[in-house]
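S.K.: The structure under discussion is supplied below as structure tokens; questions concerning it will follow.
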Amino acid sequence: MQADPHPDGYGQLLWTPSAEQVAASRLAHYQAWLAEHQGVRTTDYHGLWRWSVNHIEDFWASIWRYFDVVGEGPLTPVLGQREMPGATWFPNTRLNYAENIFRQASTERPALLARSEDAPWREVSWAELERDTAALAARLRALGVGPGDRVASYMPNRTETVVAFLACASIGAIWSSCAPDMGPTVVLDRLRQIEPTLLFATDSYSYNGKRHDRVPQVDELLAALPSVRHVVQVPGPLQAQRGAPAWRDRLAWADCIATPAPPRYERLPFDHPLWIVYSSGTTGLPKAMVHSHGGIVLTHLKTCALQHDLRPGDRLLFLGSTGWIVWNFQVGALFTGASIVLYDGNPNWPDPGALWRFIDERQVSLLGCGAAYLIAAKKDGLRPRDIGPLKHLRAINVTGSPLPVDAYHWAYEAIKPDLWLASISGGTDIASGFVACAPSLPVHAGEIQCAELGVAAHAFNDAGQPVVDEVGELVITQPMPSMPVRFWNDADDRRYRESYFETFPGVWRHGDWIRFTPRHTSVIYGRSDSTINRFGIRMGTAEIYRVVEELPEVRDSLVVDLEYLGRPSFMPLFVVLQPGLTLDDALRQRITEQIRRKASSRHVPNEVVQVDDIPRTLSGKKMEVPVRKLLLGAAPDKVASPDAMQNPASLDFFVAYANRLEHTP
């Protein structure tokens with residue numbers, strides 16, 4: 001698929017790191033170490049990346065040695081088995097995720113900073129974090145929880161959730177988290193697969209100024225999960241007025257951490273499961289992806305320190321619930337000696353400036369968020385630089401969906417001009433990024449800076465050939481330590497192979513359209529399974545969103561192509577407008593002309609329709625494929641689970657629209 005002409009301002013140079021910034025980065029230090037200790041000398045980032053993917057065993061062994069990972073056993077062979085799927089990494093080593101976290105303990109900086117809507121912010125020292133983790137781990141052992149047992153969480157983004165995860169990791173239990181805003185149906189779709197032996201749960205939480213009761217939901221979970229022998233209850237804001245819930249086999253959090261115990265870390269095989277995470281589950285049973293202790297330790301060290309340049313003393317705040325992989329990634333920032341900032345609540349509560357005041361007051365260095373948050377802030381006319389100087393904020397990472405060009409320009413004008421604005425793309429599948437950022441590279445509007453080190457990312461055409469400056473399938477041609485070791489309960493790895501390796505045997509196909517530019521930056525064009533194919537010409541949906549959402553009247557949009565089994569192509573575009581606006585013929589004409597002029601004359605929609613909301617998954621992704629299936633006649637209960645959505649009521653309009661299409665000649 002040939003790339004279409006760039007929208008206005010696309011690829012414009014917006015920021016370049018100074019020589020001093022580059023020299024101070026962890027990446028520069030690693031390159032100097034690599035030259036001294038392994039004789040590998042590279043003059044630029046792309047040369048380093050090329051070495052890292054052409055010599056993957058040397059590269060990943062260097063990450064272990066450079067960061068001095070705590071473990072035991074010889075590092076050779078690095079790859080016991082190389083093919084994909086089925087690569088086995090460092091088969092003779094043993095290590096523990098939590099042990100490598102706590103080696104960063106320091107009295108000079110906190111481990112955690114926490115802010116929630118119903119409590120004042122607080123700092124948690126490294127000593128306090130390790131004390132509670134050790135006490136809880138000892139209690140779990142006393143309850144019979146051991147290596148390989150699954151432990152589930154139904155808790156918000158609180159300090160107790162971090163403690164619970166680290167306690168499980170320290171004993172070799174397998175962690176699995178669902179956010180408390182997820183309904184019982186979607187939680188059970190996940191947890192029934194893994195049969196947890198223990199559940200951490202809260203009775204209530206606060207969001208957007210409201211208190212949400214979770215006792216009935218946990219009652220339903222416990223009734224459907226006979227494998228759960230104990231539930232550890234973390235008190236929420238409603239407990240003070242009504243008392244503790246009457247859950248079976250309930251243990252109080254305070255009691256579980258009351259008895260001090262010395263820290264103890266089980267050193268486990270490199271591929272021992274650390275956590276089980278899930279695909280979105282909007283259209284079927286979620287894939288239960290198993291990641292390993294060793295794979296995550298090495299990958300998060302590399303990604304957090306070398307790509308995102310987190311250092312001791314930095315503070316990272318990543319907006320996201322405990323059911324989104326960015327929460328797991330944020331905890332991994334502790335490997336670098338940085339502090340992590342837990343923001344439990346709506347970033348726009350009690351007003352849109354709340355998050356930015358907190359960032360300024362608590363000296364946050366790096367903010368991570370979904371692209372939708374920045375786009376909404378721009379549409380709302382927010383100017384964070386007028387809220388506070390943000391002098392400690394040096395970087396913003398954006399993920400979840402492509403960041404449009406105009407949002408790049410807004411960030412440099414409305415937040416601060418000296419900002420490392422990094423769009424990144426990866427996923428739950430690898431718990432990190434495929435294409436992301438590097439502190440030595442410039443920022444170009446609409447483009448992702450680079451492929452991550454050790455990630456052999458390419459664009460393949462339909463013939464399975466790598467292409468440059470042409471849109472193709474995002475593929476990975478070499479194994480990575482953080483690829484899932486397996487899917488849970490996946491006989492003969494059948495579903496694993498079907499998910500990634502059927503299109504190009506031996507090569508991971510991720511399911512995104514991507515274009516790599518001649519300068520090694522990249523652009524994501526949306527999911528390849530929701531591609532629009534109009535009159536034989538394919539286009540990613542992100543290309544249309546990018547130009548439509550540039551219009552100040554449009555807050556959000558969704559497009560689907562309903563060509564199916566020989567039907568003529570029919571492509572509706574759904575738009576959410578600014579409050580108080582109504583779609584009229586003049587605005588409809590402006591939208592279609594914008595697409596014609598800036599994207600493609602062949603991809604002008606047949607119909608532009610105003611809606612109140614765009615259906616989104618719990619992690620904020622537009623539900624293109626479920627909406628397309630619905631409009632092609634699938635039953636609503638077959639295309640999406642309401643409990644897996646941020647806004648299930650938004651589907652009502654599309655059900656009615658599908659009915660209208662069915663009865664239109």
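Scheme for the structure tokens: letters A, B, ... for chains in order shown; per-chain residue numbers from 1; ligand numbers from 1 in order shown.
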Please provide as a list of chain:residue names all residues within 9 Å of Gly148 of chain A, with the sequence filter that same-chain residues fewer than 2 positions apart are discarded (counting only C-alpha atoms).
M.R.: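 These residues fall inside the cut-off: A:Val145, A:Gly146, A:Arg150, A:Gly172, A:Ala173, A:Ile174, A:His272, A:Pro273, A:Leu274.
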S.K.: Could you pull the residues within 9 Å of Leu14 of chain A, counting only C-alpha atoms, minus those fewer than 4 positions along the same chain, as a ChimeraX atom specification?
M.R.: /A:408-409,412,417,442-445
S.K.: May I have all residues of segment 177-353 of chain A that DSSP, computed from the backbone, assigns to alpha helix (DSSP H), given as an NGL selection string?
M.R.: :A and (184-194 or 215-224 or 239-242 or 253-256 or 293-301 or 325-332)
S.K.: With only C-alpha atoms as the atoms that count, which of A:Asn647, A:Pro352, A:Ser619, A:Arg660 lies nearest to Leu631 of chain A?
M.R.: A:Arg660
S.K.: Excluding Leu583 of chain A and its own-chain neighbours fewer than 4 positions away, which residues fall within 7 Å of it when counting only C-alpha atoms? Please give them as a list in words.
M.R.: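 The neighbour list is Leu587, Arg588 and Gln610 of chain A.
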S.K.: Compile the contact shell of segment 357-373 of chain A as a PyMOL selection string: residues with an atom at most 9 Å away, counting only C-alpha atoms, same-chain residues fewer than 2 positions apart removed.
M.R.: chain A and resi 113+115+308+310+314-320+326+341+353-355+375-378+384+387-404+407+423+556+619-621
S.K.: Could you pull the residues within 12 Å of Pro216 of chain A, counting only C-alpha atoms, minus those fewer than 4 positions along the same chain, as a ChimeraX atom specification?
M.R.: /A:180,183-184,201-204,212,220-223,245-247
